[in-house]
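Novice: Quick one: the structure is below, and I'll ask about it shortly.
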Amino acid sequence: MSNPINRRHFFLLAGSGIVSLGAFPQEAVPPEAPDTGDPDVPRIMSLFSFNKGIYYFDPAGLYVDVGQTVEWAGISFRGATAFHPSLDNHELRIPENAKPFDTRTMAEPGGTFRWTFEEEGTYDYFSSDYEYLGMVGRIVVGKPGGPGERPPGYGNREGRLVMYRDAARLFQYLNSDRIVQEKVVPFPQELLRKPFPWR
């Protein structure tokens with residue numbers, strides 16, 4: 001007659017099986033992005049940290065010159081979309097004369113996307129899937145300016161989509177003058193870290 005498995009033994013076995021399968025990685029491995037082969041094309045990665053409960057773009061803040069191209073990598077499921085009224089009724093947070101980008105319709109197979117910034121000013125963008133968790137970013141082209149310099153959420157009074165709290169917190173952190181000075185501002189993981197269990 002076999003020994004019955006008690007509750008404690010069951011959870012030890014189940015837990016070791018889950019760990020061996022890698023169901024709870026400490027840190028998600030960023031997707032492999034092909035080398036752009038061009039040092040003048042900065043890359044923004046779309047990442048996830050299981051430990052901290054965050055989806056994020058890194059760097060979160062980036063400075064480029066007018067006419068420079070930027071590449072996003074790993075955006076297959078998360079997207080990178082400009083804040084623009086024509087895109088899900090968001091408030092305008094890119095220069096008024098700039099064309100909005102939306103990787104949901106423009107991305108290349110393989111999860112990369114390139115965009116050339118022709119208009120000077122501040123460009124804010126969001127993840128189409130994880131904006132509510134604060135997955136947003138800012139690019140300053142040439143010098144700061146335009147609607148992206150307005151307080152996050154100003155469009156609420158105009159009937160635009162409400163700005164999520166964590167997105168607004170990150171935009172307040174991403175001071176455009178700091179981005180111009182430092183050129184690259186890494187994502188501040190502790191600012192938006194979610195305690196487990198995530199809420």
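Labeling convention for the structure tokens: chains A, B, ... as they appear, residues from 1 per chain, ligands from 1 in order of appearance.
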As a VMD selection string, please: every residue in region 31-176 of chain A that a backbone DSSP assignment puts in strand (DSSP E or B).
Specialist: chain A and resid 43 to 49 54 to 58 61 to 64 69 to 73 81 to 82 102 108 112 to 116 121 to 126 136 to 141
Novice: How would the residues just picked look written out with N, CA and C atoms as a short mmCIF file (atom, residue, chain, number, x, y, z; two decimals), in the first residue's frame?
Specialist:
```cif
data_model
loop_
_atom_site.label_atom_id
_atom_site.label_comp_id
_atom_site.auth_asym_id
_atom_site.auth_seq_id
_atom_site.Cartn_x
_atom_site.Cartn_y
_atom_site.Cartn_z
N ARG A 43 18.52 52.88 -29.78
CA ARG A 43 17.50 51.85 -29.63
C ARG A 43 16.79 52.00 -28.28
N ILE A 44 15.48 51.86 -28.29
CA ILE A 44 14.66 51.82 -27.08
C ILE A 44 14.11 50.41 -26.96
N MET A 45 14.32 49.77 -25.81
CA MET A 45 13.85 48.41 -25.59
C MET A 45 12.51 48.42 -24.86
N SER A 46 11.66 47.50 -25.23
CA SER A 46 10.39 47.26 -24.55
C SER A 46 10.62 46.07 -23.62
N LEU A 47 10.51 46.30 -22.29
CA LEU A 47 10.92 45.31 -21.31
C LEU A 47 9.85 45.03 -20.27
N PHE A 48 10.10 43.97 -19.47
CA PHE A 48 9.20 43.58 -18.40
C PHE A 48 10.02 43.04 -17.25
N SER A 49 9.68 43.44 -16.02
CA SER A 49 10.30 42.90 -14.83
C SER A 49 9.23 42.21 -14.00
N ILE A 54 6.46 45.54 -13.47
CA ILE A 54 6.47 46.70 -14.36
C ILE A 54 6.76 46.30 -15.80
N TYR A 55 6.07 46.95 -16.71
CA TYR A 55 6.38 46.94 -18.13
C TYR A 55 6.94 48.32 -18.41
N TYR A 56 8.01 48.40 -19.21
CA TYR A 56 8.62 49.72 -19.37
C TYR A 56 9.46 49.80 -20.65
N PHE A 57 9.67 51.06 -21.07
CA PHE A 57 10.59 51.36 -22.15
C PHE A 57 11.91 51.80 -21.52
N ASP A 58 13.01 51.32 -22.08
CA ASP A 58 14.31 51.72 -21.55
C ASP A 58 15.26 52.00 -22.72
N GLY A 61 13.69 58.20 -21.29
CA GLY A 61 13.88 59.52 -21.88
C GLY A 61 15.07 59.51 -22.82
N LEU A 62 14.92 60.13 -23.98
CA LEU A 62 15.98 60.10 -24.99
C LEU A 62 16.03 61.43 -25.72
N TYR A 63 17.23 61.92 -25.97
CA TYR A 63 17.44 63.12 -26.77
C TYR A 63 17.98 62.72 -28.14
N VAL A 64 17.42 63.31 -29.21
CA VAL A 64 17.95 63.11 -30.56
C VAL A 64 17.93 64.44 -31.30
N THR A 69 16.89 59.14 -36.63
CA THR A 69 16.01 57.97 -36.55
C THR A 69 16.21 57.26 -35.23
N VAL A 70 15.12 56.75 -34.67
CA VAL A 70 15.13 55.97 -33.43
C VAL A 70 14.53 54.61 -33.73
N GLU A 71 15.06 53.57 -33.09
CA GLU A 71 14.50 52.23 -33.25
C GLU A 71 13.97 51.71 -31.91
N TRP A 72 12.75 51.17 -31.95
CA TRP A 72 12.19 50.44 -30.80
C TRP A 72 12.37 48.96 -31.08
N ALA A 73 12.70 48.18 -30.06
CA ALA A 73 12.84 46.73 -30.21
C ALA A 73 12.01 46.03 -29.15
N THR A 81 3.13 54.03 -29.32
CA THR A 81 2.16 54.85 -30.04
C THR A 81 2.22 56.29 -29.55
N ALA A 82 2.27 57.24 -30.46
CA ALA A 82 2.34 58.66 -30.10
C ALA A 82 1.06 59.12 -29.44
N ASP A 102 2.37 54.92 -34.89
CA ASP A 102 1.60 53.89 -34.19
C ASP A 102 2.11 52.53 -34.65
N GLU A 108 7.47 46.57 -38.26
CA GLU A 108 7.99 45.51 -39.12
C GLU A 108 7.86 44.17 -38.40
N THR A 112 10.50 45.10 -34.30
CA THR A 112 11.25 46.36 -34.31
C THR A 112 10.50 47.40 -35.12
N PHE A 113 10.80 48.65 -34.82
CA PHE A 113 10.13 49.76 -35.49
C PHE A 113 11.08 50.94 -35.50
N ARG A 114 11.18 51.61 -36.64
CA ARG A 114 12.02 52.81 -36.75
C ARG A 114 11.17 54.01 -37.15
N TRP A 115 11.54 55.16 -36.58
CA TRP A 115 10.83 56.40 -36.90
C TRP A 115 11.85 57.53 -36.97
N THR A 116 11.74 58.35 -38.00
CA THR A 116 12.62 59.50 -38.16
C THR A 116 11.87 60.75 -37.71
N GLY A 121 10.89 69.34 -31.02
CA GLY A 121 9.96 69.42 -29.90
C GLY A 121 9.97 68.17 -29.04
N THR A 122 8.97 68.08 -28.17
CA THR A 122 8.83 66.98 -27.22
C THR A 122 7.81 65.98 -27.73
N TYR A 123 8.18 64.71 -27.73
CA TYR A 123 7.32 63.62 -28.19
C TYR A 123 7.08 62.65 -27.04
N ASP A 124 5.85 62.49 -26.64
CA ASP A 124 5.50 61.49 -25.63
C ASP A 124 4.77 60.35 -26.32
N TYR A 125 5.02 59.13 -25.88
CA TYR A 125 4.40 57.96 -26.49
C TYR A 125 4.02 56.96 -25.40
N PHE A 126 3.19 55.97 -25.76
CA PHE A 126 2.69 55.01 -24.78
C PHE A 126 2.64 53.61 -25.39
N VAL A 136 5.19 54.37 -20.61
CA VAL A 136 5.23 55.52 -21.50
C VAL A 136 6.69 55.96 -21.63
N GLY A 137 6.96 56.83 -22.59
CA GLY A 137 8.31 57.34 -22.76
C GLY A 137 8.29 58.73 -23.39
N ARG A 138 9.46 59.36 -23.37
CA ARG A 138 9.59 60.72 -23.92
C ARG A 138 10.86 60.83 -24.74
N ILE A 139 10.72 61.47 -25.90
CA ILE A 139 11.86 61.79 -26.75
C ILE A 139 11.85 63.29 -26.99
N VAL A 140 12.98 63.93 -26.76
CA VAL A 140 13.13 65.35 -27.04
C VAL A 140 13.97 65.48 -28.31
N VAL A 141 13.42 66.15 -29.29
CA VAL A 141 14.08 66.32 -30.59
C VAL A 141 14.54 67.78 -30.71
#
```
Novice: At what distance in Å, to one decimal, does CA of Lys194 (chain A) lie from CA of Arg160 (chain A)?
Specialist: 26.8 Å
Novice: Residues of region 152-184 of chain A in helix (DSSP H, G or I) according to DSSP, as a list of chain:residue names?
Specialist: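 Here are the helix (DSSP H, G or I) residues of region 152-184 of chain A: A:Tyr154, A:Gly155, A:Asn156, A:Arg157, A:Glu158, A:Arg165, A:Asp166, A:Ala167, A:Ala168, A:Arg169, A:Leu170, A:Phe171, A:Gln172, A:Tyr173, A:Ser176, A:Asp177, A:Arg178, A:Ile179, A:Val180, A:Gln181, A:Glu182.
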Novice: Between A:Glu131, A:Glu182, A:Asp38, A:Glu120, which residue has the minimum interatomic distance to Val162 (chain A), considering only C-alpha atoms?
Specialist: A:Glu131
Novice: Tell me, in Å to one decimal, how far CA of Gln181 (chain A) is from CA of Pro152 (chain A).
Specialist: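 Going from CA of Gln181 (chain A) over to CA of Pro152 (chain A) covers 21.7 Å.
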Novice: Between CA of Leu170 (chain A) and CA of Leu133 (chain A), measure the distance and give it in Å to one decimal.
Specialist: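 CA of Leu133 (chain A) lies at a distance of 10.3 Å from CA of Leu170 (chain A).
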Novice: Nearest to Gly111 (chain A) among A:Ala80, A:Pro39, A:Met135, A:Asp129, with distances taken over only C-alpha atoms: which residue is it?
Specialist: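 The answer is A:Ala80, which sits nearest to Gly111 (chain A).
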Novice: Do a neighbour search on region 189-193 of chain A at 7 Å with only C-alpha atoms, toss out local chain neighbours closer than 6 positions, and write the hits as JSON, numbers by chain.
Specialist: {"A": [52, 53, 54, 166]}
Novice: Keeping only N, CA and C atoms, write the selected residues to a file as an mmCIF file, in the first residue's frame.
Specialist:
```cif
data_model
loop_
_atom_site.group_PDB
_atom_site.id
_atom_site.type_symbol
_atom_site.label_atom_id
_atom_site.label_comp_id
_atom_site.auth_asym_id
_atom_site.auth_seq_id
_atom_site.Cartn_x
_atom_site.Cartn_y
_atom_site.Cartn_z
ATOM 1 N N LYS A 52 9.284 43.224 -10.173
ATOM 2 C CA LYS A 52 8.804 44.557 -9.810
ATOM 3 C C LYS A 52 7.425 44.866 -10.361
ATOM 4 N N GLY A 53 6.873 43.966 -11.161
ATOM 5 C CA GLY A 53 5.528 44.170 -11.684
ATOM 6 C C GLY A 53 5.430 45.340 -12.635
ATOM 7 N N ILE A 54 6.461 45.541 -13.467
ATOM 8 C CA ILE A 54 6.466 46.700 -14.359
ATOM 9 C C ILE A 54 6.755 46.299 -15.799
ATOM 10 N N ASP A 166 0.075 56.426 -13.126
ATOM 11 C CA ASP A 166 1.483 56.052 -13.241
ATOM 12 C C ASP A 166 2.145 56.669 -14.473
#
```
Novice: For each of A:Ser127, A:Gly153, A:His90, A:Ala168, take the minimum atom-to-atom distance to Gly74 (chain A), counting only C-alpha atoms, then give the residue where this is smallest.
Specialist: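 Smallest separation from Gly74 (chain A) among the options: A:Ser127.
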Novice: Which of these residues is nearest to Gln68 (chain A), using only C-alpha atoms: A:Ala98, A:Val41, A:Val184, A:Leu161?
Specialist: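 The shortest atom-to-atom distance to Gln68 (chain A) comes from A:Val41.
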Novice: Taking only C-alpha atoms into account, which of A:Gln172, A:Asn89, A:Asn51, A:Ser128 comes nearest Gly155 (chain A)?
Specialist: A:Asn89
